[in-house]
$ cat model_23.cif   # mmCIF, C-alpha atoms and all ligand atoms
data_final
loop_
_atom_site.group_PDB
_atom_site.id
_atom_site.type_symbol
_atom_site.label_atom_id
_atom_site.label_comp_id
_atom_site.auth_asym_id
_atom_site.auth_seq_id
_atom_site.Cartn_x
_atom_site.Cartn_y
_atom_site.Cartn_z
ATOM 1 C CA MET A 809 0.000 0.000 0.000
ATOM 2 C CA VAL A 810 1.372 3.366 -0.948
ATOM 3 C CA ILE A 811 0.828 6.609 0.923
ATOM 4 C CA ALA A 812 -1.256 8.072 -1.915
ATOM 5 C CA GLU A 813 -3.827 5.298 -1.349
ATOM 6 C CA VAL A 814 -3.926 5.972 2.380
ATOM 7 C CA LEU A 815 -4.545 9.658 1.706
ATOM 8 C CA GLN A 816 -7.650 8.777 -0.302
ATOM 9 C CA HIS A 817 -9.286 8.079 3.036
ATOM 10 C CA THR A 818 -8.792 11.550 4.446
ATOM 11 C CA SER A 819 -9.872 15.061 3.424
ATOM 12 C CA PRO A 820 -9.256 18.714 4.358
ATOM 13 C CA GLU A 821 -12.243 18.366 6.741
ATOM 14 C CA LEU A 822 -10.315 15.654 8.549
ATOM 15 C CA PHE A 823 -7.232 17.772 9.208
ATOM 16 C CA LEU A 824 -6.570 19.546 12.507
ATOM 17 C CA SER A 825 -3.723 21.975 12.002
ATOM 18 C CA ASP A 826 -3.068 22.603 15.690
ATOM 19 C CA LEU A 827 -4.739 20.745 18.521
ATOM 20 C CA LYS A 828 -5.990 22.788 21.461
ATOM 21 C CA ALA A 829 -5.974 19.934 23.983
ATOM 22 C CA ARG A 830 -2.962 19.616 26.272
ATOM 23 C CA ASN A 831 -3.324 16.070 27.598
ATOM 24 C CA LYS A 832 -4.125 12.586 26.330
ATOM 25 C CA PRO A 833 -7.832 12.338 27.206
ATOM 26 C CA GLY A 834 -8.350 15.847 25.832
ATOM 27 C CA VAL A 835 -6.560 15.020 22.592
ATOM 28 C CA LEU A 836 -8.563 11.812 22.071
ATOM 29 C CA SER A 837 -11.763 13.722 22.629
ATOM 30 C CA GLU A 838 -10.741 16.525 20.244
ATOM 31 C CA LEU A 839 -9.739 13.999 17.580
ATOM 32 C CA VAL A 840 -13.093 12.242 17.797
ATOM 33 C CA ASP A 841 -15.000 15.537 17.683
ATOM 34 C CA LYS A 842 -13.184 16.343 14.464
ATOM 35 C CA LEU A 843 -13.942 12.883 13.035
ATOM 36 C CA VAL A 844 -17.651 13.413 13.687
ATOM 37 C CA ALA A 845 -17.603 16.970 12.328
ATOM 38 C CA GLY A 846 -15.525 16.129 9.276
ATOM 39 C CA SER A 847 -17.059 12.842 8.219
ATOM 40 C CA PRO A 848 -20.782 12.600 7.393
ATOM 41 C CA ASN A 849 -20.623 8.827 7.970
ATOM 42 C CA ILE A 850 -19.508 9.036 11.565
ATOM 43 C CA THR A 851 -22.197 9.994 14.050
ATOM 44 C CA LYS A 852 -21.617 7.826 17.108
ATOM 45 C CA ARG A 853 -19.057 9.894 18.966
ATOM 46 C CA ASP A 854 -19.068 7.821 22.160
ATOM 47 C CA ALA A 855 -18.561 4.503 20.393
ATOM 48 C CA VAL A 856 -15.522 5.808 18.505
ATOM 49 C CA LEU A 857 -14.043 7.424 21.602
ATOM 50 C CA GLN A 858 -14.559 4.303 23.681
ATOM 51 C CA MET A 859 -12.832 2.165 21.052
ATOM 52 C CA LEU A 860 -9.830 4.511 20.862
ATOM 53 C CA GLU A 861 -9.556 4.601 24.668
ATOM 54 C CA SER A 862 -9.620 0.787 24.754
ATOM 55 C CA ARG A 863 -6.890 0.724 22.133
ATOM 56 C CA GLU A 864 -4.686 2.933 24.290
ATOM 57 C CA ALA A 865 -5.249 0.503 27.184
ATOM 58 C CA LEU A 866 -3.632 -2.183 25.040
ATOM 59 C CA GLY A 867 -0.508 -0.041 24.693
ATOM 60 C CA SER A 868 0.156 3.568 23.777
ATOM 61 C CA THR A 869 -0.118 4.265 20.053
ATOM 62 C CA ALA A 870 2.472 7.053 20.422
ATOM 63 C CA VAL A 871 5.235 4.890 19.026
ATOM 64 C CA GLY A 872 7.051 7.984 17.918
ATOM 65 C CA PRO A 873 9.323 9.661 17.533
ATOM 66 C CA GLY A 874 6.867 12.485 18.084
ATOM 67 C CA VAL A 875 4.127 10.609 16.249
ATOM 68 C CA ALA A 876 1.040 8.720 17.403
ATOM 69 C CA PHE A 877 -1.226 6.412 15.409
ATOM 70 C CA PRO A 878 -4.488 6.008 17.344
ATOM 71 C CA HIS A 879 -6.366 3.295 15.459
ATOM 72 C CA GLY A 880 -8.888 0.503 15.585
ATOM 73 C CA ARG A 881 -12.049 -0.991 14.259
ATOM 74 C CA THR A 882 -15.550 -0.066 15.334
ATOM 75 C CA LEU A 883 -19.103 -0.770 14.264
ATOM 76 C CA ALA A 884 -19.615 2.974 14.292
ATOM 77 C CA VAL A 885 -17.913 3.499 10.928
ATOM 78 C CA GLN A 886 -18.684 2.028 7.545
ATOM 79 C CA ARG A 887 -15.429 2.723 5.774
ATOM 80 C CA LEU A 888 -11.801 3.348 6.545
ATOM 81 C CA THR A 889 -11.406 6.956 7.675
ATOM 82 C CA VAL A 890 -8.105 8.727 8.283
ATOM 83 C CA LEU A 891 -7.762 11.903 10.331
ATOM 84 C CA ILE A 892 -4.543 13.888 10.594
ATOM 85 C CA ALA A 893 -3.769 16.272 13.445
ATOM 86 C CA ARG A 894 -0.840 18.263 14.741
ATOM 87 C CA SER A 895 0.127 19.799 18.011
ATOM 88 C CA ARG A 896 2.803 22.421 17.587
ATOM 89 C CA LYS A 897 3.574 22.567 21.303
ATOM 90 C CA GLY A 898 3.397 18.793 21.597
ATOM 91 C CA VAL A 899 1.410 16.815 24.148
ATOM 92 C CA ASP A 900 2.114 14.054 26.602
ATOM 93 C CA PHE A 901 0.495 11.090 24.857
ATOM 94 C CA ASP A 902 2.171 8.477 27.002
ATOM 95 C CA SER A 903 4.764 7.931 24.294
ATOM 96 C CA VAL A 904 7.135 5.000 24.213
ATOM 97 C CA ASP A 905 10.209 7.277 24.366
ATOM 98 C CA GLY A 906 8.656 9.715 26.851
ATOM 99 C CA GLU A 907 8.933 12.608 24.404
ATOM 100 C CA PRO A 908 5.990 14.882 23.511
ATOM 101 C CA THR A 909 3.822 13.910 20.537
ATOM 102 C CA HIS A 910 3.339 16.391 17.684
ATOM 103 C CA LEU A 911 1.781 14.406 14.856
ATOM 104 C CA PHE A 912 -1.340 12.247 14.967
ATOM 105 C CA PHE A 913 -2.594 9.867 12.312
ATOM 106 C CA VAL A 914 -5.939 8.418 13.324
ATOM 107 C CA LEU A 915 -7.192 5.351 11.448
ATOM 108 C CA ILE A 916 -10.726 4.120 12.067
ATOM 109 C CA ALA A 917 -11.936 1.059 10.229
ATOM 110 C CA PRO A 918 -15.187 -0.900 10.088
ATOM 111 C CA PRO A 919 -15.267 -4.414 11.638
ATOM 112 C CA GLN A 920 -14.703 -5.978 8.257
ATOM 113 C CA ASP A 921 -12.634 -4.677 5.407
ATOM 114 C CA SER A 922 -11.502 -6.728 2.511
ATOM 115 C CA GLY A 923 -7.769 -7.130 2.015
ATOM 116 C CA HIS A 924 -6.829 -5.689 5.395
ATOM 117 C CA LYS A 925 -6.671 -2.193 3.933
ATOM 118 C CA TYR A 926 -6.513 -0.779 7.412
ATOM 119 C CA ILE A 927 -3.516 -2.762 8.679
ATOM 120 C CA LYS A 928 -1.685 -2.074 5.427
ATOM 121 C CA SER A 929 -2.373 1.647 5.736
ATOM 122 C CA LEU A 930 -1.091 1.594 9.290
ATOM 123 C CA ALA A 931 2.070 -0.197 8.185
ATOM 124 C CA ALA A 932 2.661 2.289 5.350
ATOM 125 C CA LEU A 933 2.270 5.274 7.674
ATOM 126 C CA THR A 934 4.420 3.954 10.516
ATOM 127 C CA GLU A 935 7.189 3.170 8.054
ATOM 128 C CA LYS A 936 6.987 6.511 6.250
ATOM 129 C CA LEU A 937 7.039 8.506 9.477
ATOM 130 C CA GLN A 938 10.401 7.045 10.468
ATOM 131 C CA ASP A 939 11.950 9.833 8.394
ATOM 132 C CA ALA A 940 13.006 12.694 10.701
ATOM 133 C CA ASN A 941 13.203 15.260 7.894
ATOM 134 C CA LEU A 942 9.730 14.375 6.736
ATOM 135 C CA ARG A 943 8.371 14.843 10.261
ATOM 136 C CA LYS A 944 9.920 18.289 10.393
ATOM 137 C CA THR A 945 8.429 19.219 7.018
ATOM 138 C CA LEU A 946 5.002 17.943 8.042
ATOM 139 C CA LEU A 947 5.031 19.988 11.228
ATOM 140 C CA ALA A 948 5.920 23.115 9.267
ATOM 141 C CA ALA A 949 3.475 22.511 6.388
ATOM 142 C CA GLU A 950 1.169 25.474 5.870
ATOM 143 C CA ASP A 951 -2.017 23.610 5.074
ATOM 144 C CA PHE A 952 -3.557 20.246 4.298
ATOM 145 C CA ALA A 953 -2.493 20.267 0.637
ATOM 146 C CA THR A 954 1.148 21.036 1.456
ATOM 147 C CA PHE A 955 1.077 18.440 4.210
ATOM 148 C CA CYS A 956 -0.197 15.730 1.874
ATOM 149 C CA ALA A 957 2.210 16.706 -0.884
ATOM 150 C CA ALA A 958 5.153 16.281 1.500
ATOM 151 C CA LEU A 959 3.806 12.943 2.677
ATOM 152 C CA ARG A 960 3.426 11.677 -0.895
ATOM 153 C CA GLU A 961 7.004 12.524 -1.810
ATOM 154 C CA ASP A 962 9.535 9.720 -1.872
ATOM 155 C CA MET B 261 -29.402 4.654 21.637
ATOM 156 C CA HIS B 262 -30.503 1.766 23.840
ATOM 157 C CA PRO B 263 -27.960 1.647 26.721
ATOM 158 C CA GLN B 264 -27.627 -2.117 26.430
ATOM 159 C CA LEU B 265 -26.962 -1.806 22.708
ATOM 160 C CA GLN B 266 -24.282 0.780 23.422
ATOM 161 C CA LYS B 267 -22.537 -1.708 25.721
ATOM 162 C CA LEU B 268 -22.911 -4.568 23.249
ATOM 163 C CA VAL B 269 -21.309 -2.445 20.532
ATOM 164 C CA ALA B 270 -18.433 -1.529 22.840
ATOM 165 C CA LEU B 271 -18.032 -5.184 23.835
ATOM 166 C CA GLN B 272 -17.960 -6.356 20.231
ATOM 167 C CA ASP B 273 -15.377 -3.679 19.355
ATOM 168 C CA ILE B 274 -13.142 -4.707 22.279
ATOM 169 C CA GLU B 275 -13.507 -8.422 21.616
ATOM 170 C CA GLN B 276 -12.531 -7.892 18.006
ATOM 171 C CA MET B 277 -9.509 -5.865 19.154
ATOM 172 C CA ILE B 278 -8.469 -8.724 21.452
ATOM 173 C CA ALA B 279 -8.906 -11.329 18.706
ATOM 174 C CA GLU B 280 -6.947 -9.262 16.194
ATOM 175 C CA THR B 281 -4.172 -8.603 18.677
ATOM 176 C CA GLN B 282 -3.889 -12.333 19.287
ATOM 177 C CA ASP B 283 -3.857 -13.018 15.540
ATOM 178 C CA GLN B 284 -1.697 -10.136 14.372
ATOM 179 C CA GLY B 285 0.305 -9.258 17.464
ATOM 180 C CA LYS B 286 3.599 -9.912 15.729
ATOM 181 C CA GLU B 287 2.676 -7.676 12.818
ATOM 182 C CA LEU B 288 1.662 -4.882 15.197
ATOM 183 C CA GLU B 289 4.820 -5.267 17.251
ATOM 184 C CA GLY B 290 6.785 -5.110 14.010
ATOM 185 C CA MET B 291 5.316 -1.648 13.464
ATOM 186 C CA GLY B 292 6.487 -0.645 16.936
ATOM 187 C CA PHE B 293 3.209 -1.081 18.826
ATOM 188 C CA SER B 294 3.282 -2.655 22.245
ATOM 189 C CA ILE B 295 0.533 -5.151 23.089
ATOM 190 C CA ALA B 296 1.545 -5.381 26.730
ATOM 191 C CA GLY B 297 -1.943 -4.329 27.815
ATOM 192 C CA LEU B 298 -3.680 -7.379 26.352
ATOM 193 C CA GLU B 299 -4.571 -8.743 29.788
ATOM 194 C CA ALA B 300 -5.847 -5.332 30.886
ATOM 195 C CA LEU B 301 -7.988 -5.215 27.771
ATOM 196 C CA LYS B 302 -9.414 -8.659 28.514
ATOM 197 C CA GLU B 303 -10.281 -7.487 32.015
ATOM 198 C CA LYS B 304 -12.009 -4.477 30.530
ATOM 199 C CA ALA B 305 -14.059 -6.749 28.269
ATOM 200 C CA THR B 306 -15.024 -8.967 31.225
ATOM 201 C CA LYS B 307 -16.099 -5.927 33.231
ATOM 202 C CA LEU B 308 -18.131 -4.583 30.339
ATOM 203 C CA ALA B 309 -19.784 -7.972 29.784
ATOM 204 C CA GLY B 310 -20.766 -7.927 33.465
ATOM 205 C CA GLU B 311 -22.723 -4.724 32.856
ATOM 206 C CA ILE B 312 -24.896 -6.383 30.227
ATOM 207 C CA GLU B 313 -28.146 -8.146 31.187
ATOM 208 C CA VAL B 314 -27.587 -11.886 31.252
ATOM 209 C CA ARG B 315 -30.248 -12.725 28.662
ATOM 210 C CA ASN B 316 -28.833 -10.100 26.271
ATOM 211 C CA LEU B 317 -25.295 -11.313 26.830
ATOM 212 C CA ASN B 318 -26.311 -14.949 26.268
ATOM 213 C CA TYR B 319 -28.062 -13.968 23.070
ATOM 214 C CA TYR B 320 -24.970 -12.010 21.964
ATOM 215 C CA ARG B 321 -22.730 -15.013 22.706
ATOM 216 C CA ARG B 322 -24.981 -17.385 20.759
ATOM 217 C CA LEU B 323 -24.964 -15.084 17.736
ATOM 218 C CA THR B 324 -21.209 -14.539 17.970
ATOM 219 C CA GLY B 325 -20.703 -18.304 17.967
ATOM 220 C CA ARG B 326 -22.912 -18.718 14.937
ATOM 221 C CA PHE B 327 -21.986 -15.697 12.824
ATOM 222 C CA GLY B 328 -18.750 -14.236 14.152
ATOM 223 C CA HIS B 329 -20.414 -10.852 14.669
ATOM 224 C CA ALA B 330 -23.577 -10.555 16.747
ATOM 225 C CA VAL B 331 -24.245 -6.867 16.188
ATOM 226 C CA VAL B 332 -24.428 -5.633 12.609
ATOM 227 C CA PRO B 333 -24.961 -2.205 11.118
ATOM 228 C CA VAL B 334 -28.104 -1.407 9.148
ATOM 229 C CA VAL B 335 -27.096 0.306 5.920
ATOM 230 C CA ASP B 336 -29.638 1.534 3.362
ATOM 231 C CA ASN B 337 -32.389 -0.249 5.307
ATOM 232 C CA LEU B 338 -30.616 -3.584 4.949
ATOM 233 C CA CYS B 339 -29.305 -5.917 7.633
ATOM 234 C CA THR B 340 -25.637 -6.163 6.619
ATOM 235 C CA GLY B 341 -25.515 -9.651 8.117
ATOM 236 C CA CYS B 342 -28.049 -11.308 5.794
ATOM 237 C CA PHE B 343 -29.168 -8.409 3.555
ATOM 238 C CA ALA B 344 -32.796 -8.714 4.568
ATOM 239 C CA ASN B 345 -34.831 -5.550 4.364
ATOM 240 C CA ILE B 346 -35.331 -3.775 7.687
ATOM 241 C CA PRO B 347 -38.684 -1.984 7.860
ATOM 242 C CA ALA B 348 -38.474 1.748 8.534
ATOM 243 C CA SER B 349 -40.802 1.237 11.525
ATOM 244 C CA PHE B 350 -37.886 -0.375 13.357
ATOM 245 C CA VAL B 351 -36.357 3.028 13.993
ATOM 246 C CA SER B 352 -39.523 4.618 15.368
ATOM 247 C CA ALA B 353 -39.517 6.274 18.778
ATOM 248 C CA THR B 354 -41.535 3.471 20.409
ATOM 249 C CA ASN B 355 -38.810 1.037 19.440
ATOM 250 C CA GLU B 356 -35.962 3.092 20.828
ATOM 251 C CA ASN B 357 -36.053 1.282 24.154
ATOM 252 C CA LYS B 358 -35.875 -2.182 22.663
ATOM 253 C CA LEU B 359 -32.997 -4.159 21.287
ATOM 254 C CA GLN B 360 -33.872 -4.612 17.641
ATOM 255 C CA LYS B 361 -33.262 -7.933 15.969
ATOM 256 C CA CYS B 362 -33.275 -8.763 12.300
ATOM 257 C CA GLU B 363 -36.452 -10.772 11.645
ATOM 258 C CA SER B 364 -34.619 -12.894 9.133
ATOM 259 C CA CYS B 365 -31.301 -13.850 10.795
ATOM 260 C CA GLY B 366 -31.777 -12.688 14.378
ATOM 261 C CA ARG B 367 -28.655 -10.517 14.539
ATOM 262 C CA ILE B 368 -28.803 -7.450 16.757
ATOM 263 C CA LEU B 369 -29.243 -4.325 14.654
ATOM 264 C CA TYR B 370 -27.294 -1.122 14.973
ATOM 265 C CA TRP B 371 -27.789 2.137 13.109
ATOM 266 C CA PRO B 372 -24.300 3.651 12.747
HETATM 267 ZN ZN ZN C 1 -30.290 -10.206 9.086
#
$ encode --input "model_23.cif" --output "structure tokens" --more "lines below"
Ligand SMILES: [Zn+2]
Amino acid sequence: MVIAEVLQHTSPELFLSDLKARNKPGVLSELVDKLVAGSPNITKRDAVLQMLESREALGSTAVGPGVAFPHGRTLAVQRLTVLIARSRKGVDFDSVDGEPTHLFFVLIAPPQDSGHKYIKSLAALTEKLQDANLRKTLLAAEDFATFCAALRED
Amino acid sequence: MHPQLQKLVALQDIEQMIAETQDQGKELEGMGFSIAGLEALKEKATKLAGEIEVRNLNYYRRLTGRFGHAVVPVVDNLCTGCFANIPASFVSATNENKLQKCESCGRILYWP
């Protein structure tokens, strides 16, 4: 799966340029609010939030460096949906390396998806975000279009 | 939404997460994700199951055994489990306090 395919599942309405929340529960809540506001197919806020909270109980998704990938499947969505968010100041998201988290890629998938599109998307993103220069560029990107363009680049 | 349905949805989501972690744990760990909280997640599922009325939970378990998923979304007035038509009257206000079941396959219905 290439990044361009992953980006087909997001939109400018699913981009949060700078998160207001300053802690983990606040960030999760803000991310879900944006998912509901930005995606006409997602209406069950509590179900999505509960699933993401459960996922964090399994182990923090802030695998870094500086990046978190909150993800999971829920009955509350009918198709794979990707939300991108940034926190310029960085937040304590219980990261593996203890450093603040600045970039968030949220992947929400329905209970069933053919070909494991969701796991493949997750793998593509975690691999791509290993690049320190890319992370810097993404944090500085002016808007959604610039952000995606940088992410698509090899 | 019916409070019991809300819990059944949450339970199904968590149980799927547990099953997938058991199946694909290595793949997830390869991406850098820790699955150290698997036991904690199982405890969470047990606690949640304890909050569901026994007859509803038994029904959920029976359906899960038979179909894999007990709760299914209704999309375009169709049960996505068996594709039977779900009458519009199912979503009426008088039905809001009941758990709705597909008349054809018996799965618990959820309007996402
Ligand atoms: Zn059915």
$ residues_near_ligand --input "model_23.cif" --ligand "ligand ZN 1 (chain C)" --cutoff "12 Å" --atoms "all atoms listed in the file" --output "PyMOL selection string"
chain B and resi 323+327+329-335+337-347+360-370
$ resolve_selection --input "model_23.cif" --expression "the PyMOL selection byres (((chain A and resi 841) around 12) and not hetatm)" --output "MDAnalysis selection string"
chainID A and resid 821:824 827 829 834:840 842:847 850:857 891
$ atom_distance --input "model_23.cif" --atom1 "atom CA of Val914 of chain A" --atom2 "atom CA of Asn941 of chain A"
21.0 Å
$ interface_residues --input "model_23.cif" --of "chain A" --to "chain B" --cutoff "8 Å" --atoms "all atoms listed in the file" --output "ChimeraX atom specification"
/A:849-852,855,858-859,862-863,865-869,871,880-886,919,931,934-935
$ atom_distance --input "model_23.cif" --atom1 "atom CA of Pro263 of chain B" --atom2 "atom CA of Tyr319 of chain B"
16.0 Å
$ atom_distance --input "model_23.cif" --atom1 "atom CA of Ser903 of chain A" --atom2 "atom CA of Tyr926 of chain A"
22.1 Å
$ closest_residue --input "model_23.cif" --among "A:Ala876, A:Ala893, A:Ile916, A:Ala870" --to "Asp951 of chain A" --atoms "only C-alpha atoms"
A:Ala893
$ closest_residue --input "model_23.cif" --among "A:Leu959, A:Thr889, A:Ser819, A:Leu915" --to "Gln938 of chain A" --atoms "only C-alpha atoms"
A:Leu959
$ residues_near_point --input "model_23.cif" --point "(-0.6, 19.1, 9.4)" --cutoff "12 Å" --atoms "all atoms listed in the file" --output "PyMOL selection string"
chain A and resi 819-827+875+891-896+910-913+942-959
$ resolve_selection --input "model_23.cif" --expression "the PyMOL selection byres (((chain A and resi 816) around 12) and not hetatm)" --output "count of residues only"
21
$ residues_near_point --input "model_23.cif" --point "(13.4, 10.5, 17.7)" --cutoff "9 Å" --atoms "only C-alpha atoms" --output "compact mmCIF listing (two decimals) with C-alpha atoms, keeping the file's coordinate frame"
# COMPACT_ATOMS: atom_id res chain seq x y z
CA GLY A 872 7.05 7.98 17.92
CA PRO A 873 9.32 9.66 17.53
CA GLY A 874 6.87 12.48 18.08
CA ASP A 905 10.21 7.28 24.37
CA GLU A 907 8.93 12.61 24.40
CA GLN A 938 10.40 7.04 10.47
CA ALA A 940 13.01 12.69 10.70
$ decode --input "model_23.cif" --residues "segment 271-302 of chain B" --atoms "C-alpha atoms" --output "short mmCIF file (atom, residue, chain, number, x, y, z; two decimals), in the first residue's frame"
data_model
loop_
_atom_site.label_atom_id
_atom_site.label_comp_id
_atom_site.auth_asym_id
_atom_site.auth_seq_id
_atom_site.Cartn_x
_atom_site.Cartn_y
_atom_site.Cartn_z
CA LEU B 271 -18.03 -5.18 23.84
CA GLN B 272 -17.96 -6.36 20.23
CA ASP B 273 -15.38 -3.68 19.35
CA ILE B 274 -13.14 -4.71 22.28
CA GLU B 275 -13.51 -8.42 21.62
CA GLN B 276 -12.53 -7.89 18.01
CA MET B 277 -9.51 -5.86 19.15
CA ILE B 278 -8.47 -8.72 21.45
CA ALA B 279 -8.91 -11.33 18.71
CA GLU B 280 -6.95 -9.26 16.19
CA THR B 281 -4.17 -8.60 18.68
CA GLN B 282 -3.89 -12.33 19.29
CA ASP B 283 -3.86 -13.02 15.54
CA GLN B 284 -1.70 -10.14 14.37
CA GLY B 285 0.30 -9.26 17.46
CA LYS B 286 3.60 -9.91 15.73
CA GLU B 287 2.68 -7.68 12.82
CA LEU B 288 1.66 -4.88 15.20
CA GLU B 289 4.82 -5.27 17.25
CA GLY B 290 6.78 -5.11 14.01
CA MET B 291 5.32 -1.65 13.46
CA GLY B 292 6.49 -0.65 16.94
CA PHE B 293 3.21 -1.08 18.83
CA SER B 294 3.28 -2.66 22.24
CA ILE B 295 0.53 -5.15 23.09
CA ALA B 296 1.54 -5.38 26.73
CA GLY B 297 -1.94 -4.33 27.81
CA LEU B 298 -3.68 -7.38 26.35
CA GLU B 299 -4.57 -8.74 29.79
CA ALA B 300 -5.85 -5.33 30.89
CA LEU B 301 -7.99 -5.22 27.77
CA LYS B 302 -9.41 -8.66 28.51
#
